[in-house]
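Asker: Sharing protein-v4.txt here; it has compact mmCIF, C-alpha atoms and all ligand atoms.
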# COMPACT_ATOMS: atom_id res chain seq x y z
CA MET A 1 91.97 84.94 87.57
CA ILE A 2 92.49 82.62 90.54
CA ASP A 3 89.85 82.98 93.27
CA CYS A 4 90.17 82.29 96.95
CA PRO A 5 86.65 82.60 98.41
CA THR A 6 87.65 81.95 102.03
CA ILE A 7 89.20 85.42 102.53
CA ARG A 8 87.26 87.95 104.61
CA LYS A 9 87.77 91.71 104.62
CA ARG A 10 87.88 91.83 108.40
CA SER A 11 90.89 89.46 108.31
CA ILE A 12 92.74 91.84 105.99
CA ARG A 13 92.02 94.79 108.31
CA PHE A 14 93.02 92.78 111.39
CA HIS A 15 96.24 91.65 109.69
CA TYR A 16 97.39 95.18 108.87
CA ASP A 17 96.33 96.56 112.24
CA LEU A 18 98.35 93.86 113.93
CA VAL A 19 101.47 93.49 111.86
CA THR A 20 102.22 97.07 110.80
CA PRO A 21 104.81 97.64 113.58
CA PHE A 22 106.50 94.33 112.66
CA TYR A 23 106.62 95.27 108.99
CA ARG A 24 108.27 98.54 109.97
CA LEU A 25 110.81 96.73 112.11
CA PHE A 26 111.67 93.92 109.70
CA TRP A 27 111.26 95.53 106.31
CA GLY A 28 110.97 99.31 106.34
CA ARG A 29 108.59 102.16 105.68
CA HIS A 30 107.32 100.63 102.43
CA LEU A 31 105.14 97.53 102.58
CA HIS A 32 106.10 96.38 99.13
CA HIS A 33 108.76 94.41 97.26
CA GLY A 34 112.18 95.79 96.49
CA LEU A 35 113.27 96.21 92.86
CA TRP A 36 116.89 95.17 92.36
CA ASN A 37 119.36 96.06 89.63
CA GLY A 38 122.40 94.72 91.48
CA ASP A 39 123.41 94.46 95.11
CA GLU A 40 121.43 97.35 96.58
CA THR A 41 120.21 97.15 100.17
CA PRO A 42 116.56 96.17 100.69
CA ARG A 43 115.81 99.75 101.67
CA GLN A 44 117.32 101.11 98.44
CA ALA A 45 115.52 98.44 96.43
CA GLN A 46 112.14 99.36 97.97
CA GLN A 47 112.74 102.99 97.13
CA GLN A 48 113.79 102.03 93.61
CA LEU A 49 110.46 100.33 93.04
CA THR A 50 108.56 103.43 94.15
CA ASP A 51 110.77 105.68 92.00
CA ALA A 52 110.52 103.43 88.96
CA LEU A 53 106.71 103.51 89.05
CA ALA A 54 106.67 107.25 89.75
CA GLY A 55 109.02 107.82 86.81
CA GLU A 56 106.44 106.24 84.51
CA ALA A 57 103.33 107.96 85.83
CA VAL A 58 103.74 110.91 88.20
CA ARG A 59 104.48 114.55 87.40
CA VAL A 60 105.40 117.44 89.64
CA GLY A 61 102.40 118.78 91.56
CA ASP A 62 100.00 115.96 90.62
CA ARG A 63 96.89 115.38 92.73
CA LEU A 64 97.32 111.75 93.67
CA LEU A 65 95.17 109.12 95.37
CA ASP A 66 97.29 106.41 97.04
CA VAL A 67 95.03 103.37 97.29
CA GLY A 68 96.21 101.07 100.07
CA CYS A 69 98.79 103.56 101.32
CA GLY A 70 100.24 101.41 104.12
CA MET A 71 102.39 103.52 106.44
CA GLY A 72 102.38 106.33 103.89
CA GLY A 73 105.80 105.48 102.38
CA SER A 74 104.89 106.37 98.78
CA SER A 75 102.52 109.22 99.66
CA ILE A 76 105.05 111.04 101.81
CA HIS A 77 107.86 110.52 99.32
CA LEU A 78 105.80 111.82 96.39
CA ALA A 79 104.55 114.78 98.42
CA ARG A 80 108.09 115.72 99.46
CA GLU A 81 110.02 114.99 96.28
CA LEU A 82 107.50 115.89 93.59
CA GLY A 83 105.26 118.31 95.46
CA CYS A 84 102.25 116.07 94.88
CA CYS A 85 99.05 116.67 96.78
CA VAL A 86 98.30 113.22 98.13
CA THR A 87 95.37 111.48 99.76
CA GLY A 88 96.24 108.05 101.14
CA ILE A 89 93.55 105.47 101.89
CA THR A 90 94.07 102.41 104.05
CA LEU A 91 91.78 99.81 105.56
CA SER A 92 93.80 99.88 108.76
CA SER A 93 93.29 102.54 111.44
CA VAL A 94 96.74 101.73 112.84
CA GLN A 95 98.29 102.51 109.45
CA GLN A 96 96.24 105.69 109.06
CA ARG A 97 97.57 107.00 112.38
CA TRP A 98 101.08 105.80 111.58
CA ALA A 99 101.08 107.51 108.17
CA THR A 100 99.66 110.72 109.63
CA GLY A 101 102.44 110.78 112.26
CA ALA A 102 105.12 109.97 109.67
CA ALA A 103 103.88 112.78 107.39
CA TRP A 104 104.02 115.19 110.30
CA LEU A 105 107.54 114.08 111.25
CA GLY A 106 108.60 114.29 107.61
CA ARG A 107 107.09 117.77 107.27
CA ALA A 108 104.81 116.52 104.51
CA ASN A 109 101.56 116.84 106.44
CA ARG A 110 100.38 119.84 104.41
CA ARG A 111 100.65 117.85 101.20
CA ALA A 112 99.78 114.31 102.37
CA ASP A 113 96.68 113.36 104.26
CA PHE A 114 95.38 109.92 105.24
CA LEU A 115 91.95 108.34 105.61
CA CYS A 116 90.98 105.02 107.10
CA ALA A 117 88.37 103.65 104.70
CA ASP A 118 87.48 100.74 102.46
CA ILE A 119 88.21 101.89 98.93
CA GLU A 120 85.57 99.46 97.64
CA SER A 121 82.79 101.32 99.40
CA LEU A 122 84.10 104.86 98.97
CA ASP A 123 82.54 107.34 96.56
CA LEU A 124 84.81 110.15 95.43
CA PRO A 125 84.18 113.11 93.15
CA THR A 126 84.51 112.64 89.39
CA SER A 127 87.77 113.91 87.82
CA SER A 128 89.38 114.71 91.15
CA PHE A 129 92.82 113.15 90.62
CA ASP A 130 95.68 113.24 88.13
CA VAL A 131 96.99 109.88 89.31
CA ILE A 132 95.49 106.87 91.05
CA TRP A 133 98.47 105.09 92.53
CA SER A 134 98.33 101.66 94.11
CA ILE A 135 101.24 99.46 95.11
CA GLU A 136 100.29 95.94 96.13
CA CYS A 137 96.76 96.68 97.27
CA THR A 138 94.55 95.54 94.37
CA GLU A 139 95.39 91.93 95.32
CA HIS A 140 93.22 92.50 98.42
CA LEU A 141 90.20 93.86 96.54
CA PHE A 142 87.13 91.67 96.19
CA ASP A 143 85.71 93.23 93.02
CA LYS A 144 88.68 94.44 90.99
CA PRO A 145 86.78 95.33 87.77
CA ALA A 146 84.35 97.49 89.81
CA PHE A 147 87.27 99.27 91.48
CA PHE A 148 88.85 100.15 88.12
CA GLN A 149 85.52 101.48 86.83
CA LYS A 150 85.38 103.83 89.83
CA ALA A 151 89.06 104.74 89.50
CA ALA A 152 88.51 105.75 85.86
CA ASP A 153 85.72 108.06 86.98
CA TRP A 154 87.87 109.67 89.71
CA LEU A 155 90.64 110.45 87.20
CA ARG A 156 90.66 113.61 85.17
CA PRO A 157 90.90 113.11 81.39
CA GLY A 158 94.58 112.51 80.62
CA GLY A 159 95.14 111.18 84.16
CA ARG A 160 96.88 107.89 84.93
CA VAL A 161 96.35 104.74 86.96
CA ALA A 162 99.72 103.39 88.18
CA ILE A 163 99.81 100.04 89.87
CA CYS A 164 102.19 97.35 91.00
CA ALA A 165 100.53 94.03 91.65
CA TRP A 166 101.13 90.39 92.42
CA LEU A 167 99.78 88.51 89.41
CA ALA A 168 98.63 85.03 88.56
CA GLY A 169 101.14 83.71 86.02
CA ASN A 170 101.16 80.39 84.24
CA THR A 171 98.28 78.51 85.82
CA ASP A 172 97.94 75.74 83.22
CA SER A 173 98.86 73.01 85.69
CA ALA A 174 96.89 71.99 88.78
CA GLU A 175 100.11 72.27 90.78
CA ASN A 176 100.56 75.94 89.84
CA VAL A 177 96.91 76.71 90.60
CA GLN A 178 97.36 75.17 94.05
CA LEU A 179 100.48 77.24 94.62
CA VAL A 180 98.69 80.48 93.77
CA LYS A 181 95.73 79.52 95.97
CA LYS A 182 98.10 78.87 98.88
CA VAL A 183 99.65 82.31 98.40
CA CYS A 184 96.16 83.88 98.28
CA GLU A 185 95.16 82.18 101.51
CA ALA A 186 98.32 83.01 103.41
CA PHE A 187 98.56 86.59 102.16
CA LEU A 188 94.82 87.33 102.31
CA CYS A 189 94.08 87.89 98.63
CA PRO A 190 90.48 87.11 97.61
CA SER A 191 91.81 86.66 94.07
CA LEU A 192 94.89 87.21 91.91
CA GLY A 193 94.40 88.46 88.37
CA SER A 194 96.81 87.85 85.51
CA MET A 195 98.45 90.62 83.49
CA ALA A 196 95.80 90.00 80.80
CA ASP A 197 92.98 90.29 83.40
CA TYR A 198 94.26 93.69 84.54
CA GLN A 199 94.53 94.85 80.96
CA SER A 200 90.97 93.83 80.14
CA TRP A 201 89.52 95.39 83.35
CA MET A 202 91.24 98.67 82.52
CA GLN A 203 90.16 98.52 78.90
CA ASP A 204 86.55 97.92 80.01
CA ALA A 205 86.90 101.01 82.22
CA GLY A 206 87.93 103.06 79.16
CA LEU A 207 91.63 103.30 80.04
CA CYS A 208 94.52 102.77 77.62
CA LEU A 209 97.64 100.78 78.45
CA LYS A 210 100.81 102.93 78.48
CA VAL A 211 103.36 100.87 80.39
CA CYS A 212 103.60 97.19 81.23
CA HIS A 213 106.62 95.68 83.01
CA ASP A 214 107.16 92.19 84.29
CA TRP A 215 109.49 92.74 87.27
CA THR A 216 109.27 89.20 88.70
CA ASP A 217 112.99 88.42 88.46
CA ARG A 218 113.96 91.79 89.93
CA VAL A 219 111.65 91.59 92.98
CA ALA A 220 111.81 87.91 94.02
CA ARG A 221 114.85 88.47 96.27
CA THR A 222 112.49 90.25 98.68
CA TRP A 223 111.26 86.91 99.98
CA GLU A 224 114.72 85.37 100.40
CA ILE A 225 115.63 88.32 102.61
CA CYS A 226 112.35 88.22 104.56
CA GLN A 227 112.74 84.50 105.12
CA GLN A 228 116.29 84.97 106.46
CA ARG A 229 115.15 87.78 108.75
CA VAL A 230 112.29 85.72 110.16
CA GLU A 231 114.54 82.72 110.72
CA ARG A 232 117.10 84.81 112.57
CA SER A 233 114.47 86.35 114.87
CA ARG A 234 111.87 85.07 117.32
CA VAL A 235 109.03 86.63 115.41
CA ARG A 236 107.51 83.26 114.42
CA SER A 237 106.79 82.29 118.04
CA VAL A 238 105.35 85.76 118.73
CA ALA A 239 103.15 85.48 115.60
CA SER A 240 101.60 82.21 116.74
CA TRP A 241 100.12 84.02 119.79
CA PHE A 242 98.01 86.03 117.36
CA GLY A 243 96.43 83.04 115.65
CA LYS A 244 96.85 80.76 112.67
CA GLU A 245 96.44 83.41 109.96
CA THR A 246 99.34 85.46 111.29
CA ALA A 247 101.61 82.43 111.69
CA ASP A 248 100.62 81.15 108.21
CA PHE A 249 101.71 84.43 106.73
CA LEU A 250 105.29 83.96 107.98
CA ASP A 251 105.40 80.28 107.05
CA HIS A 252 104.53 80.95 103.44
CA PHE A 253 107.40 83.19 102.39
CA SER A 254 108.90 80.08 100.74
CA THR A 255 105.58 79.40 98.96
CA ILE A 256 105.62 82.75 97.24
CA LEU A 257 109.25 82.22 96.22
CA ARG A 258 108.30 78.87 94.70
CA ALA A 259 105.38 80.52 92.93
CA TYR A 260 107.68 83.11 91.37
CA ARG A 261 110.33 80.55 90.43
CA SER A 262 107.84 78.16 88.83
CA GLY A 263 106.12 80.95 86.89
CA ALA A 264 102.81 80.37 88.76
CA MET A 265 102.99 84.01 89.88
CA ARG A 266 104.40 87.12 88.28
CA TYR A 267 104.96 90.66 89.54
CA GLY A 268 103.79 93.48 87.30
CA ALA A 269 103.91 97.25 87.03
CA LEU A 270 101.21 98.79 84.85
CA VAL A 271 100.29 102.33 83.87
CA PHE A 272 97.04 103.20 82.10
CA GLU A 273 95.81 106.55 80.86
CA LYS A 274 92.33 108.01 80.69
CA PRO A 275 92.07 109.45 77.18
CA PRO A 276 92.42 113.24 77.16
CA VAL A 277 89.51 115.29 75.84
CA VAL A 278 89.65 118.39 73.65
CA LYS A 279 91.55 121.16 75.35
CA ASP A 280 88.59 123.43 76.18
CA SER A 281 86.89 120.89 78.38
CA ILE A 282 89.90 119.47 80.23
CA THR A 283 89.48 119.49 83.98
CA SER A 284 93.12 120.27 84.60
CA PRO A 285 94.91 120.56 87.93
CA GLU A 286 95.00 124.34 87.77
CA GLU A 287 94.62 124.77 91.55
CA THR A 288 97.94 125.73 93.05
CA ASP A 289 96.86 125.16 96.67
CA CYS A 290 97.07 121.65 97.95
CA VAL A 291 93.71 120.84 99.52
CA THR A 292 93.89 117.07 99.94
CA LEU A 293 90.73 115.12 99.49
CA ALA A 294 90.81 113.86 103.07
CA THR A 295 90.68 117.49 104.21
CA ARG A 296 87.73 118.17 101.92
CA LEU A 297 85.84 115.10 103.13
CA ARG A 298 86.26 115.91 106.82
C1 LIG A 301 100.89 95.32 101.01
S1 LIG A 301 100.23 96.76 101.71
C2 LIG A 301 100.90 97.98 100.62
C3 LIG A 301 101.04 99.32 101.29
C4 LIG A 301 101.64 100.44 100.47
N1 LIG A 301 101.02 100.59 99.18
C5 LIG A 301 103.12 100.28 100.32
O1 LIG A 301 103.54 99.95 99.22
O2 LIG A 301 103.86 100.51 101.29
C6 LIG A 301 98.52 96.69 101.26
C7 LIG A 301 97.71 97.89 101.67
O3 LIG A 301 96.40 97.78 101.10
C8 LIG A 301 95.47 98.25 102.06
N2 LIG A 301 94.12 97.73 101.71
C9 LIG A 301 93.73 96.46 101.53
N3 LIG A 301 92.42 96.41 101.20
C10 LIG A 301 91.98 97.69 101.18
C11 LIG A 301 90.72 98.30 100.95
N4 LIG A 301 89.63 97.57 100.65
N5 LIG A 301 90.62 99.65 101.06
C12 LIG A 301 91.70 100.40 101.36
N6 LIG A 301 92.92 99.87 101.60
C13 LIG A 301 93.07 98.54 101.51
C14 LIG A 301 96.01 97.78 103.38
O4 LIG A 301 95.42 98.48 104.46
C15 LIG A 301 97.49 98.07 103.17
O5 LIG A 301 97.75 99.40 103.50
Take the structure in this file and express it as structure tokens.
Ligand SMILES: C[S@@+](CC[C@H](N)C(=O)[O-])C[C@H]1O[C@@H](n2cnc3c(N)ncnc32)[C@H](O)[C@@H]1O

Answerer:
Amino acid sequence: MIDCPTIRKRSIRFHYDLVTPFYRLFWGRHLHHGLWNGDETPRQAQQQLTDALAGEAVRVGDRLLDVGCGMGGSSIHLARELGCCVTGITLSSVQQRWATGAAWLGRANRRADFLCADIESLDLPTSSFDVIWSIECTEHLFDKPAFFQKAADWLRPGGRVAICAWLAGNTDSAENVQLVKKVCEAFLCPSLGSMADYQSWMQDAGLCLKVCHDWTDRVARTWEICQQRVERSRVRSVASWFGKETADFLDHFSTILRAYRSGAMRYGALVFEKPPVVKDSITSPEETDCVTLATRLR
């Protein structure tokens, strides 16, 4: 794992509060990479990434916790298309309001609910979800092993953790370590774990690996497109009004591309399962009504 001890949680919250409207304008409703097979549009590629992960881990009607839900892109899609009962958690109050409005507009508000909270200090009931879903949020967590211990407890037996994450790759050289550290600083990641780190954290939490994809080559185009869009717009001068961290973020799109191309960073999709127990004692999602967790906690 590569650590970056200078990152503060308040900076992560501030970043997402501030830049969410810009993300929406320049990228789309999902705040994650696109997954390309050919010459799809960025919007199609973003949706493909969500669908590819869902195809590996989500079933119709699942109770799902979306950790780091952004503007609710995945939550709303899974609620609408698969009838999932979704609770989305985000550190950003701007995103929570945005996602709530988007769910209402998308007529998914009865199946998708959003809370503004820090997942690292949240306690949720044991066995309350079929799926813990997290796209590109675990990079921002300060104690990743502790999060996966809690996630394993929140899952019902037989439930799944599905994540996409930026990963530390080949960090044998000092140059590659520096590259990953630069990415961590610019993109506010207190650490980046490797594929092997994630596997051992999950194993320690009692979860079994089911799916493991390295999608680096299929997602890297994201940053070429973002770089072009930033260069063609005036967003860089606007960003500098909001301080160094925000401007740094835009200036480091090329750093992340270099990190992918050199192998210093990888992009992974992982699905883990909590072992099922004997049939009699399974806490199964028998409830037919969708009472999202956010509703229950209010
Ligand atoms: C790159 S965005 C991904 C958003 C969303 N998963 C998507 O794919 O569109 C990272 C998300 O993680 C959230 N996040 C970061 N740290 C968090 C924490 N400690 N608790 C809850 N959410 C967090 C941010 O608020 C943001 O919504």

Asker: Which chains and residue numbers are within 6 Å of ligand LIG 301 (chain A), counting all atoms listed in the file, if I want them as a list of chain:residue names?

Answerer: A:Tyr16, A:His30, A:Leu31, A:His32, A:Val67, A:Gly68, A:Cys69, A:Gly70, A:Gly73, A:Ile89, A:Thr90, A:Leu91, A:Ser92, A:Ala117, A:Asp118, A:Ile119, A:Glu120, A:Ser134, A:Ile135, A:Glu136, A:Cys137, A:His140, A:Leu141

Asker: Those residues with C-alpha atoms, as a short mmCIF file (atom, residue, chain, number, x, y, z; two decimals), in the coordinates of the input please?

Answerer:
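Contents of the output file part.cif:
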data_model
loop_
_atom_site.label_atom_id
_atom_site.label_comp_id
_atom_site.auth_asym_id
_atom_site.auth_seq_id
_atom_site.Cartn_x
_atom_site.Cartn_y
_atom_site.Cartn_z
CA TYR A 16 97.39 95.18 108.87
CA HIS A 30 107.32 100.63 102.43
CA LEU A 31 105.14 97.53 102.58
CA HIS A 32 106.10 96.38 99.13
CA VAL A 67 95.03 103.37 97.29
CA GLY A 68 96.21 101.07 100.07
CA CYS A 69 98.79 103.56 101.32
CA GLY A 70 100.24 101.41 104.12
CA GLY A 73 105.80 105.48 102.38
CA ILE A 89 93.55 105.47 101.89
CA THR A 90 94.07 102.41 104.05
CA LEU A 91 91.78 99.81 105.56
CA SER A 92 93.80 99.88 108.76
CA ALA A 117 88.37 103.65 104.70
CA ASP A 118 87.48 100.74 102.46
CA ILE A 119 88.21 101.89 98.93
CA GLU A 120 85.57 99.46 97.64
CA SER A 134 98.33 101.66 94.11
CA ILE A 135 101.24 99.46 95.11
CA GLU A 136 100.29 95.94 96.13
CA CYS A 137 96.76 96.68 97.27
CA HIS A 140 93.22 92.50 98.42
CA LEU A 141 90.20 93.86 96.54
#

Asker: Taking only C-alpha atoms into account, which of A:Gly169, A:Gly106, A:Pro275, A:Pro157 comes nearest A:Asp214?

Answerer: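 Looking at the shortest contact to A:Asp214, the residue is A:Gly169.
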
Asker: In file coordinates, which residues lie within 8 Å of (104.2, 91.5, 105.7) using only C-alpha atoms, given as a PyMOL selection string?

Answerer: chain A and resi 19-20+22-23+31+249-250

Asker: Enclose the full set of atoms of stretch 211-223 of chain A listed in the file within a box whose edges lie along x, y and z, apply 3 Å of padding to each of the six sides, and report centre and edge lengths in Å to one decimal as lines of an AutoDock Vina configuration file.

Answerer:
center_x = 109.1
center_y = 93.9
center_z = 90.2
size_x = 17.5
size_y = 20.0
size_z = 25.6

Asker: For A:Ser262, list every protein, DNA or RNA residue within 10 Å, evaluated using all atoms listed in the file, and leave out those in the same chain fewer than 6 positions away; present the list as a ChimeraX atom specification.

Answerer: /A:169-170,175-176,179,256

Asker: Give me the residues near A:Thr138 as a PyMOL selection string, where near means some atom within 9 Å (using all atoms listed in the file) and where sequence neighbours in that chain fewer than 5 positions away do not count.

Answerer: chain A and resi 67-68+144+147+163-166+189+192

Asker: Counting all atoms listed in the file, which residues come within 8 Å of (100.5, 84.0, 90.6), with the point read in the file's coordinates, and could you list them as a PDB file with C-alpha atoms, keeping the file's coordinate frame?

Answerer:
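What ended up in point_23.pdb:
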ATOM      1  CA  TRP A 166     101.130  90.390  92.420  1.00  0.00           C
ATOM      2  CA  LEU A 167      99.780  88.510  89.410  1.00  0.00           C
ATOM      3  CA  ALA A 168      98.630  85.030  88.560  1.00  0.00           C
ATOM      4  CA  GLY A 169     101.140  83.710  86.020  1.00  0.00           C
ATOM      5  CA  ASN A 170     101.160  80.390  84.240  1.00  0.00           C
ATOM      6  CA  THR A 171      98.280  78.510  85.820  1.00  0.00           C
ATOM      7  CA  LEU A 179     100.480  77.240  94.620  1.00  0.00           C
ATOM      8  CA  VAL A 180      98.690  80.480  93.770  1.00  0.00           C
ATOM      9  CA  LEU A 192      94.890  87.210  91.910  1.00  0.00           C
ATOM     10  CA  GLY A 193      94.400  88.460  88.370  1.00  0.00           C
ATOM     11  CA  SER A 194      96.810  87.850  85.510  1.00  0.00           C
ATOM     12  CA  ALA A 259     105.380  80.520  92.930  1.00  0.00           C
ATOM     13  CA  TYR A 260     107.680  83.110  91.370  1.00  0.00           C
ATOM     14  CA  GLY A 263     106.120  80.950  86.890  1.00  0.00           C
ATOM     15  CA  ALA A 264     102.810  80.370  88.760  1.00  0.00           C
ATOM     16  CA  MET A 265     102.990  84.010  89.880  1.00  0.00           C
ATOM     17  CA  ARG A 266     104.400  87.120  88.280  1.00  0.00           C
TER      18      ARG A 266
END

Asker: Enter the distance from atom CA of A:Ser128 to atom CA of A:Gly61, in Å, rounded to one decimal.

Answerer: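 Computed distance, atom CA of A:Ser128 to atom CA of A:Gly61, equals 13.6 Å.
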
Asker: Report the distance between atom CA of A:Leu209 and atom CA of A:Ile76 in Å, rounded to one decimal place.

Answerer: 26.6 Å

Asker: Suppose you want the space between atom CA of A:Thr87 and atom CA of A:Phe114; what is it in Å?

Answerer: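 Straight-line distance from atom CA of A:Thr87 to atom CA of A:Phe114 works out to 5.7 Å.
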
Asker: Check the smallest atom-to-atom distance from each of A:Thr41, A:Thr50, A:Ser233, A:Ser191 to A:Val177 using all atoms listed in the file, then report the winner.

Answerer: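 With all atoms listed in the file as the atom set, the closest residue is A:Ser191.
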
Asker: Write out as a ChimeraX atom specification the residues lying within 12 Å of stretch 225-228 of chain A, counting only C-alpha atoms and excluding same-chain residues fewer than 3 positions away.

Answerer: /A:22-23,25-28,31-34,41-43,45,219-222,231-236,249-257

Asker: Could those residues be written to a file, using C-alpha atoms, as a PDB file, keeping the file's coordinate frame?

Answerer:
ATOM      1  CA  PHE A  22     106.500  94.330 112.660  1.00  0.00           C
ATOM      2  CA  TYR A  23     106.620  95.270 108.990  1.00  0.00           C
ATOM      3  CA  LEU A  25     110.810  96.730 112.110  1.00  0.00           C
ATOM      4  CA  PHE A  26     111.670  93.920 109.700  1.00  0.00           C
ATOM      5  CA  TRP A  27     111.260  95.530 106.310  1.00  0.00           C
ATOM      6  CA  GLY A  28     110.970  99.310 106.340  1.00  0.00           C
ATOM      7  CA  LEU A  31     105.140  97.530 102.580  1.00  0.00           C
ATOM      8  CA  HIS A  32     106.100  96.380  99.130  1.00  0.00           C
ATOM      9  CA  HIS A  33     108.760  94.410  97.260  1.00  0.00           C
ATOM     10  CA  GLY A  34     112.180  95.790  96.490  1.00  0.00           C
ATOM     11  CA  THR A  41     120.210  97.150 100.170  1.00  0.00           C
ATOM     12  CA  PRO A  42     116.560  96.170 100.690  1.00  0.00           C
ATOM     13  CA  ARG A  43     115.810  99.750 101.670  1.00  0.00           C
ATOM     14  CA  ALA A  45     115.520  98.440  96.430  1.00  0.00           C
ATOM     15  CA  VAL A 219     111.650  91.590  92.980  1.00  0.00           C
ATOM     16  CA  ALA A 220     111.810  87.910  94.020  1.00  0.00           C
ATOM     17  CA  ARG A 221     114.850  88.470  96.270  1.00  0.00           C
ATOM     18  CA  THR A 222     112.490  90.250  98.680  1.00  0.00           C
ATOM     19  CA  GLU A 231     114.540  82.720 110.720  1.00  0.00           C
ATOM     20  CA  ARG A 232     117.100  84.810 112.570  1.00  0.00           C
ATOM     21  CA  SER A 233     114.470  86.350 114.870  1.00  0.00           C
ATOM     22  CA  ARG A 234     111.870  85.070 117.320  1.00  0.00           C
ATOM     23  CA  VAL A 235     109.030  86.630 115.410  1.00  0.00           C
ATOM     24  CA  ARG A 236     107.510  83.260 114.420  1.00  0.00           C
ATOM     25  CA  PHE A 249     101.710  84.430 106.730  1.00  0.00           C
ATOM     26  CA  LEU A 250     105.290  83.960 107.980  1.00  0.00           C
ATOM     27  CA  ASP A 251     105.400  80.280 107.050  1.00  0.00           C
ATOM     28  CA  HIS A 252     104.530  80.950 103.440  1.00  0.00           C
ATOM     29  CA  PHE A 253     107.400  83.190 102.390  1.00  0.00           C
ATOM     30  CA  SER A 254     108.900  80.080 100.740  1.00  0.00           C
ATOM     31  CA  THR A 255     105.580  79.400  98.960  1.00  0.00           C
ATOM     32  CA  ILE A 256     105.620  82.750  97.240  1.00  0.00           C
ATOM     33  CA  LEU A 257     109.250  82.220  96.220  1.00  0.00           C
TER      34      LEU A 257
END

Asker: Go through A:Asp130, A:Asp66, A:Asp204, A:Glu139 one by one, measure the shortest atom-to-atom distance of each to A:Ile12 using only C-alpha atoms, and give the residue with the smallest value.

Answerer: A:Glu139

Asker: Considering all atoms listed in the file, state which residue in the set A:Val230, A:Leu49, A:Ala186, A:Ala162 is at the smallest distance from A:Ile7.

Answerer: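 Of the candidates, the smallest distance to A:Ile7 is held by A:Ala186.
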
Asker: Between A:Asp17, A:Lys150, A:Ala108, A:Asp143, which has the minimum distance to A:Leu124 (counting all atoms listed in the file)?

Answerer: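 Closest residue, counting all atoms listed in the file: A:Lys150.
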